[in-house]
>>> print(open('input34.cif').read())   # mmCIF, N, CA and C atoms
data_final
loop_
_atom_site.label_atom_id
_atom_site.label_comp_id
_atom_site.auth_asym_id
_atom_site.auth_seq_id
_atom_site.Cartn_x
_atom_site.Cartn_y
_atom_site.Cartn_z
N ARG X 106 86.78 88.52 15.24
CA ARG X 106 86.82 88.20 16.66
C ARG X 106 86.48 86.72 16.91
N LEU X 107 85.45 86.23 16.24
CA LEU X 107 85.08 84.83 16.40
C LEU X 107 86.21 83.92 15.91
N SER X 108 86.86 84.29 14.82
CA SER X 108 87.98 83.50 14.30
C SER X 108 89.12 83.44 15.30
N ILE X 109 89.41 84.55 15.94
CA ILE X 109 90.48 84.61 16.93
C ILE X 109 90.15 83.71 18.11
N GLU X 110 88.91 83.76 18.58
CA GLU X 110 88.49 82.91 19.71
C GLU X 110 88.53 81.43 19.33
N THR X 111 88.04 81.12 18.13
CA THR X 111 88.05 79.73 17.66
C THR X 111 89.47 79.22 17.55
N ASN X 112 90.36 80.03 17.00
CA ASN X 112 91.77 79.64 16.87
C ASN X 112 92.41 79.45 18.24
N SER X 113 92.12 80.34 19.16
CA SER X 113 92.70 80.24 20.51
C SER X 113 92.26 78.95 21.19
N ARG X 114 90.98 78.62 21.11
CA ARG X 114 90.48 77.37 21.69
C ARG X 114 91.12 76.17 21.00
N GLY X 115 91.23 76.24 19.68
CA GLY X 115 91.83 75.15 18.92
C GLY X 115 93.29 74.94 19.28
N LEU X 116 94.03 76.03 19.41
CA LEU X 116 95.44 75.93 19.83
C LEU X 116 95.54 75.26 21.19
N GLY X 117 94.69 75.69 22.11
CA GLY X 117 94.70 75.10 23.46
C GLY X 117 94.41 73.62 23.43
N PHE X 118 93.42 73.22 22.63
CA PHE X 118 93.07 71.81 22.52
C PHE X 118 94.23 71.01 21.94
N LEU X 119 94.81 71.51 20.85
CA LEU X 119 95.92 70.79 20.22
C LEU X 119 97.13 70.72 21.15
N LEU X 120 97.44 71.81 21.83
CA LEU X 120 98.56 71.79 22.78
C LEU X 120 98.35 70.73 23.85
N ALA X 121 97.17 70.70 24.43
CA ALA X 121 96.88 69.72 25.47
C ALA X 121 96.96 68.29 24.92
N GLY X 122 96.39 68.07 23.75
CA GLY X 122 96.40 66.74 23.15
C GLY X 122 97.81 66.28 22.80
N LEU X 123 98.60 67.17 22.25
CA LEU X 123 99.98 66.83 21.91
C LEU X 123 100.80 66.56 23.16
N ARG X 124 100.64 67.40 24.15
CA ARG X 124 101.39 67.20 25.40
C ARG X 124 101.01 65.88 26.07
N GLU X 125 99.75 65.52 25.98
CA GLU X 125 99.30 64.23 26.53
C GLU X 125 100.02 63.07 25.83
N LEU X 126 100.37 63.28 24.59
CA LEU X 126 101.09 62.26 23.81
C LEU X 126 102.61 62.39 23.96
N GLY X 127 103.05 63.30 24.81
CA GLY X 127 104.48 63.47 25.04
C GLY X 127 105.18 64.33 24.00
N ILE X 128 104.41 65.14 23.29
CA ILE X 128 104.96 66.00 22.24
C ILE X 128 104.82 67.45 22.69
N GLU X 129 105.93 68.17 22.68
CA GLU X 129 105.93 69.58 23.08
C GLU X 129 106.15 70.45 21.84
N PRO X 130 105.09 71.08 21.33
CA PRO X 130 105.26 71.92 20.14
C PRO X 130 105.97 73.24 20.47
N VAL X 131 106.45 73.88 19.43
CA VAL X 131 107.03 75.21 19.56
C VAL X 131 105.89 76.17 19.91
N PRO X 132 106.08 77.07 20.90
CA PRO X 132 105.00 78.01 21.25
C PRO X 132 104.51 78.80 20.03
N SER X 133 103.21 79.04 19.99
CA SER X 133 102.61 79.70 18.84
C SER X 133 101.38 80.49 19.24
N SER X 134 101.14 81.60 18.54
CA SER X 134 99.86 82.28 18.63
C SER X 134 99.25 82.44 17.24
N ALA X 135 99.79 81.68 16.30
CA ALA X 135 99.29 81.69 14.93
C ALA X 135 98.18 80.64 14.79
N ASN X 136 97.82 80.33 13.56
CA ASN X 136 96.78 79.32 13.33
C ASN X 136 97.40 77.95 13.03
N PHE X 137 98.61 77.75 13.51
CA PHE X 137 99.28 76.46 13.34
C PHE X 137 100.32 76.28 14.44
N LEU X 138 100.75 75.03 14.59
CA LEU X 138 101.82 74.69 15.52
C LEU X 138 102.95 74.04 14.74
N MET X 139 104.18 74.26 15.18
CA MET X 139 105.31 73.55 14.62
C MET X 139 105.78 72.54 15.65
N VAL X 140 106.02 71.32 15.17
CA VAL X 140 106.47 70.25 16.04
C VAL X 140 107.83 69.77 15.53
N VAL X 141 108.79 69.68 16.43
CA VAL X 141 110.12 69.18 16.10
C VAL X 141 110.18 67.70 16.46
N ARG X 142 110.61 66.88 15.52
CA ARG X 142 110.73 65.44 15.75
C ARG X 142 112.21 65.05 15.66
N GLU X 143 112.49 63.77 15.83
CA GLU X 143 113.87 63.29 15.85
C GLU X 143 114.56 63.35 14.49
N SER X 144 113.79 63.11 13.41
CA SER X 144 114.42 63.01 12.10
C SER X 144 113.43 63.31 10.99
N GLU X 145 113.97 63.52 9.82
CA GLU X 145 113.15 63.70 8.62
C GLU X 145 112.37 62.42 8.32
N ALA X 146 113.00 61.27 8.59
CA ALA X 146 112.32 59.98 8.36
C ALA X 146 111.09 59.84 9.25
N GLU X 147 111.18 60.29 10.49
CA GLU X 147 110.02 60.23 11.38
C GLU X 147 108.90 61.13 10.89
N VAL X 148 109.25 62.33 10.45
CA VAL X 148 108.24 63.25 9.90
C VAL X 148 107.58 62.64 8.67
N ALA X 149 108.38 62.02 7.80
CA ALA X 149 107.83 61.37 6.60
C ALA X 149 106.88 60.24 6.99
N PHE X 150 107.26 59.45 7.98
CA PHE X 150 106.40 58.37 8.45
C PHE X 150 105.07 58.93 8.97
N LEU X 151 105.14 59.95 9.82
CA LEU X 151 103.93 60.56 10.37
C LEU X 151 103.06 61.13 9.25
N PHE X 152 103.69 61.83 8.31
CA PHE X 152 102.95 62.41 7.20
C PHE X 152 102.18 61.34 6.44
N HIS X 153 102.86 60.26 6.04
CA HIS X 153 102.21 59.23 5.22
C HIS X 153 101.15 58.46 6.00
N GLU X 154 101.42 58.14 7.25
CA GLU X 154 100.43 57.40 8.04
C GLU X 154 99.21 58.26 8.36
N LEU X 155 99.42 59.53 8.65
CA LEU X 155 98.28 60.41 8.90
C LEU X 155 97.47 60.62 7.62
N LEU X 156 98.16 60.75 6.49
CA LEU X 156 97.48 60.92 5.21
C LEU X 156 96.57 59.73 4.92
N LYS X 157 97.02 58.52 5.24
CA LYS X 157 96.19 57.33 5.07
C LYS X 157 94.89 57.42 5.87
N ARG X 158 94.93 58.19 6.95
CA ARG X 158 93.76 58.33 7.83
C ARG X 158 92.97 59.61 7.54
N GLY X 159 93.33 60.30 6.47
CA GLY X 159 92.59 61.49 6.07
C GLY X 159 93.05 62.78 6.73
N VAL X 160 94.27 62.78 7.26
CA VAL X 160 94.80 63.97 7.93
C VAL X 160 96.03 64.44 7.17
N ILE X 161 96.08 65.73 6.87
CA ILE X 161 97.24 66.30 6.18
C ILE X 161 97.99 67.21 7.14
N ILE X 162 99.26 66.89 7.35
CA ILE X 162 100.18 67.79 8.05
C ILE X 162 101.18 68.26 7.00
N ARG X 163 101.97 69.25 7.34
CA ARG X 163 102.93 69.76 6.37
C ARG X 163 104.35 69.54 6.86
N PRO X 164 105.10 68.64 6.21
CA PRO X 164 106.52 68.53 6.52
C PRO X 164 107.21 69.84 6.12
N LEU X 165 108.18 70.26 6.88
CA LEU X 165 108.80 71.56 6.65
C LEU X 165 110.19 71.48 6.04
N SER X 166 110.49 70.38 5.35
CA SER X 166 111.80 70.25 4.72
C SER X 166 112.04 71.34 3.67
N ALA X 167 111.00 71.77 2.97
CA ALA X 167 111.15 72.82 1.96
C ALA X 167 111.57 74.16 2.58
N PHE X 168 111.40 74.27 3.90
CA PHE X 168 111.77 75.50 4.60
C PHE X 168 113.09 75.33 5.36
N GLY X 169 113.81 74.24 5.05
CA GLY X 169 115.08 73.99 5.71
C GLY X 169 114.95 73.37 7.09
N LEU X 170 113.78 72.83 7.40
CA LEU X 170 113.52 72.20 8.70
C LEU X 170 113.03 70.77 8.48
N PRO X 171 113.91 69.88 8.01
CA PRO X 171 113.46 68.54 7.62
C PRO X 171 112.93 67.68 8.76
N HIS X 172 113.25 68.02 9.98
CA HIS X 172 112.80 67.25 11.13
C HIS X 172 111.58 67.89 11.82
N CYS X 173 110.95 68.82 11.11
CA CYS X 173 109.81 69.55 11.69
C CYS X 173 108.57 69.38 10.81
N MET X 174 107.40 69.58 11.45
CA MET X 174 106.14 69.53 10.73
C MET X 174 105.20 70.62 11.26
N ARG X 175 104.31 71.03 10.38
CA ARG X 175 103.33 72.05 10.72
C ARG X 175 101.97 71.39 10.85
N ILE X 176 101.27 71.75 11.92
CA ILE X 176 99.92 71.26 12.17
C ILE X 176 99.00 72.48 12.22
N SER X 177 98.07 72.56 11.30
CA SER X 177 97.14 73.68 11.26
C SER X 177 96.01 73.47 12.25
N VAL X 178 95.55 74.55 12.84
CA VAL X 178 94.40 74.51 13.73
C VAL X 178 93.15 74.41 12.86
N GLY X 179 92.27 73.49 13.21
CA GLY X 179 91.03 73.32 12.47
C GLY X 179 89.83 73.58 13.36
N THR X 180 88.72 73.01 12.97
CA THR X 180 87.52 73.08 13.80
C THR X 180 87.70 72.15 14.99
N GLU X 181 86.79 72.20 15.94
CA GLU X 181 86.86 71.30 17.09
C GLU X 181 86.88 69.84 16.62
N GLU X 182 86.01 69.52 15.68
CA GLU X 182 85.93 68.16 15.18
C GLU X 182 87.21 67.74 14.47
N GLU X 183 87.75 68.62 13.64
CA GLU X 183 88.99 68.32 12.92
C GLU X 183 90.16 68.13 13.89
N ASN X 184 90.24 68.98 14.89
CA ASN X 184 91.32 68.87 15.87
C ASN X 184 91.23 67.56 16.64
N ALA X 185 90.02 67.18 17.04
CA ALA X 185 89.83 65.92 17.76
C ALA X 185 90.17 64.74 16.86
N PHE X 186 89.77 64.80 15.61
CA PHE X 186 90.07 63.74 14.65
C PHE X 186 91.59 63.60 14.49
N PHE X 187 92.28 64.72 14.37
CA PHE X 187 93.74 64.70 14.23
C PHE X 187 94.41 64.04 15.44
N ILE X 188 94.02 64.44 16.64
CA ILE X 188 94.64 63.86 17.84
C ILE X 188 94.38 62.36 17.90
N GLY X 189 93.18 61.93 17.56
CA GLY X 189 92.87 60.50 17.54
C GLY X 189 93.72 59.76 16.51
N ALA X 190 93.85 60.33 15.33
CA ALA X 190 94.66 59.70 14.28
C ALA X 190 96.13 59.67 14.68
N LEU X 191 96.61 60.73 15.30
CA LEU X 191 98.01 60.78 15.73
C LEU X 191 98.28 59.72 16.79
N LYS X 192 97.34 59.52 17.71
CA LYS X 192 97.49 58.45 18.71
C LYS X 192 97.66 57.10 18.04
N GLN X 193 96.85 56.84 17.03
CA GLN X 193 96.94 55.57 16.29
C GLN X 193 98.30 55.42 15.63
N VAL X 194 98.76 56.47 14.99
CA VAL X 194 100.03 56.41 14.25
C VAL X 194 101.20 56.26 15.23
N LEU X 195 101.16 56.97 16.32
CA LEU X 195 102.25 56.85 17.30
C LEU X 195 102.28 55.44 17.90
N ALA X 196 101.12 54.84 18.08
CA ALA X 196 101.07 53.46 18.58
C ALA X 196 101.72 52.51 17.58
N LEU X 197 101.53 52.75 16.29
CA LEU X 197 102.18 51.93 15.25
C LEU X 197 103.69 52.05 15.35
N ALA X 198 104.15 53.25 15.56
CA ALA X 198 105.60 53.52 15.60
C ALA X 198 106.25 52.83 16.80
N ARG X 199 105.49 52.58 17.83
CA ARG X 199 106.04 51.99 19.06
C ARG X 199 106.03 50.47 19.05
N VAL X 200 105.36 49.88 18.05
CA VAL X 200 105.25 48.41 17.98
C VAL X 200 106.57 47.82 17.54
#
>>> encode(input="input34.cif", output="structure tokens")
Amino acid sequence: RLSIETNSRGLGFLLAGLRELGIEPVPSSANFLMVVRESEAEVAFLFHELLKRGVIIRPLSAFGLPHCMRISVGTEEENAFFIGALKQVLALARV
């Protein structure tokens, strides 16, 4: 029960944070979100730049979705760290 509540709060936080950044994930009630991007190259860029900041996302090319990525729900601290790192990486992409 605690895991379900923690996951639900985490999903809500990530949804709000992603939407604030202009990203609309695929609806989910699992412990992860799928995000569709413009291209496989964009997903690769996000993956590598987030990895440099200590964040691991999962590109979904192995599942036949090369323009998609999976974001796992973590703890409150991990979710906040991810959103902060993603803001930094998206700012790089816009320069």
>>> atom_distance(input="input34.cif", atom1="atom N of Glu181 (chain X)", atom2="CA of Ser113 (chain X)")
11.0 Å
>>> atom_distance(input="input34.cif", atom1="atom N of Ala167 (chain X)", atom2="atom N of Phe150 (chain X)")
13.8 Å
>>> select_by_dssp(input="input34.cif", residues="region 141-193 of chain X", states="helix (DSSP H, G or I)", output="ChimeraX atom specification")
/X:145-157,166-168,181-193
>>> write_last_selection(input="input34.cif", atoms="N, CA and C atoms", output="compact mmCIF listing (two decimals), keeping the file's coordinate frame")
# COMPACT_ATOMS: atom_id res chain seq x y z
N GLU X 145 113.97 63.52 9.82
CA GLU X 145 113.15 63.70 8.62
C GLU X 145 112.37 62.42 8.32
N ALA X 146 113.00 61.27 8.59
CA ALA X 146 112.32 59.98 8.36
C ALA X 146 111.09 59.84 9.25
N GLU X 147 111.18 60.29 10.49
CA GLU X 147 110.02 60.23 11.38
C GLU X 147 108.90 61.13 10.89
N VAL X 148 109.25 62.33 10.45
CA VAL X 148 108.24 63.25 9.90
C VAL X 148 107.58 62.64 8.67
N ALA X 149 108.38 62.02 7.80
CA ALA X 149 107.83 61.37 6.60
C ALA X 149 106.88 60.24 6.99
N PHE X 150 107.26 59.45 7.98
CA PHE X 150 106.40 58.37 8.45
C PHE X 150 105.07 58.93 8.97
N LEU X 151 105.14 59.95 9.82
CA LEU X 151 103.93 60.56 10.37
C LEU X 151 103.06 61.13 9.25
N PHE X 152 103.69 61.83 8.31
CA PHE X 152 102.95 62.41 7.20
C PHE X 152 102.18 61.34 6.44
N HIS X 153 102.86 60.26 6.04
CA HIS X 153 102.21 59.23 5.22
C HIS X 153 101.15 58.46 6.00
N GLU X 154 101.42 58.14 7.25
CA GLU X 154 100.43 57.40 8.04
C GLU X 154 99.21 58.26 8.36
N LEU X 155 99.42 59.53 8.65
CA LEU X 155 98.28 60.41 8.90
C LEU X 155 97.47 60.62 7.62
N LEU X 156 98.16 60.75 6.49
CA LEU X 156 97.48 60.92 5.21
C LEU X 156 96.57 59.73 4.92
N LYS X 157 97.02 58.52 5.24
CA LYS X 157 96.19 57.33 5.07
C LYS X 157 94.89 57.42 5.87
N SER X 166 110.49 70.38 5.35
CA SER X 166 111.80 70.25 4.72
C SER X 166 112.04 71.34 3.67
N ALA X 167 111.00 71.77 2.97
CA ALA X 167 111.15 72.82 1.96
C ALA X 167 111.57 74.16 2.58
N PHE X 168 111.40 74.27 3.90
CA PHE X 168 111.77 75.50 4.60
C PHE X 168 113.09 75.33 5.36
N GLU X 181 86.79 72.20 15.94
CA GLU X 181 86.86 71.30 17.09
C GLU X 181 86.88 69.84 16.62
N GLU X 182 86.01 69.52 15.68
CA GLU X 182 85.93 68.16 15.18
C GLU X 182 87.21 67.74 14.47
N GLU X 183 87.75 68.62 13.64
CA GLU X 183 88.99 68.32 12.92
C GLU X 183 90.16 68.13 13.89
N ASN X 184 90.24 68.98 14.89
CA ASN X 184 91.32 68.87 15.87
C ASN X 184 91.23 67.56 16.64
N ALA X 185 90.02 67.18 17.04
CA ALA X 185 89.83 65.92 17.76
C ALA X 185 90.17 64.74 16.86
N PHE X 186 89.77 64.80 15.61
CA PHE X 186 90.07 63.74 14.65
C PHE X 186 91.59 63.60 14.49
N PHE X 187 92.28 64.72 14.37
CA PHE X 187 93.74 64.70 14.23
C PHE X 187 94.41 64.04 15.44
N ILE X 188 94.02 64.44 16.64
CA ILE X 188 94.64 63.86 17.84
C ILE X 188 94.38 62.36 17.90
N GLY X 189 93.18 61.93 17.56
CA GLY X 189 92.87 60.50 17.54
C GLY X 189 93.72 59.76 16.51
N ALA X 190 93.85 60.33 15.33
CA ALA X 190 94.66 59.70 14.28
C ALA X 190 96.13 59.67 14.68
N LEU X 191 96.61 60.73 15.30
CA LEU X 191 98.01 60.78 15.73
C LEU X 191 98.28 59.72 16.79
N LYS X 192 97.34 59.52 17.71
CA LYS X 192 97.49 58.45 18.71
C LYS X 192 97.66 57.10 18.04
N GLN X 193 96.85 56.84 17.03
CA GLN X 193 96.94 55.57 16.29
C GLN X 193 98.30 55.42 15.63
>>> resolve_selection(input="input34.cif", expression="the PyMOL selection byres ((chain X and resi 185-200) around 7)", output="ChimeraX atom specification")
/X:122-123,151,154-155,158,160,180-184
>>> closest_residue(input="input34.cif", among="X:Cys173, X:Ala135, X:Val178, X:Leu116", to="Ala149 (chain X)", atoms="all atoms listed in the file")
X:Cys173
>>> atom_distance(input="input34.cif", atom1="CA of Ser108 (chain X)", atom2="CA of Asn136 (chain X)")
9.8 Å
>>> select_by_dssp(input="input34.cif", residues="region 112-178 of chain X", states="strand (DSSP E)", output="JSON, numbers by chain")
{"X": [137, 138, 139, 140, 141, 163, 164, 165, 170, 171, 172, 173, 174, 175, 176, 177]}
>>> closest_residue(input="input34.cif", among="X:Gly159, X:Pro130, X:Pro171, X:Gly117", to="Glu143 (chain X)", atoms="only N, CA and C atoms")
X:Pro171
>>> residues_around(input="input34.cif", residues="Ile161 (chain X)", least_positions_apart="3", cutoff="8 Å", atoms="only N, CA and C atoms", output="ChimeraX atom specification")
/X:152,155-158,164,175-177,187
>>> closest_residue(input="input34.cif", among="X:Phe137, X:Ala121, X:Leu126, X:Val148", to="Leu165 (chain X)", atoms="all atoms listed in the file")
X:Val148
>>> closest_residue(input="input34.cif", among="X:Leu120, X:Ile162, X:Ile128, X:Leu107", to="Val141 (chain X)", atoms="all atoms listed in the file")
X:Ile128
>>> closest_residue(input="input34.cif", among="X:Arg106, X:Phe168, X:Val140, X:Glu147", to="Leu119 (chain X)", atoms="only C-alpha atoms")
X:Val140
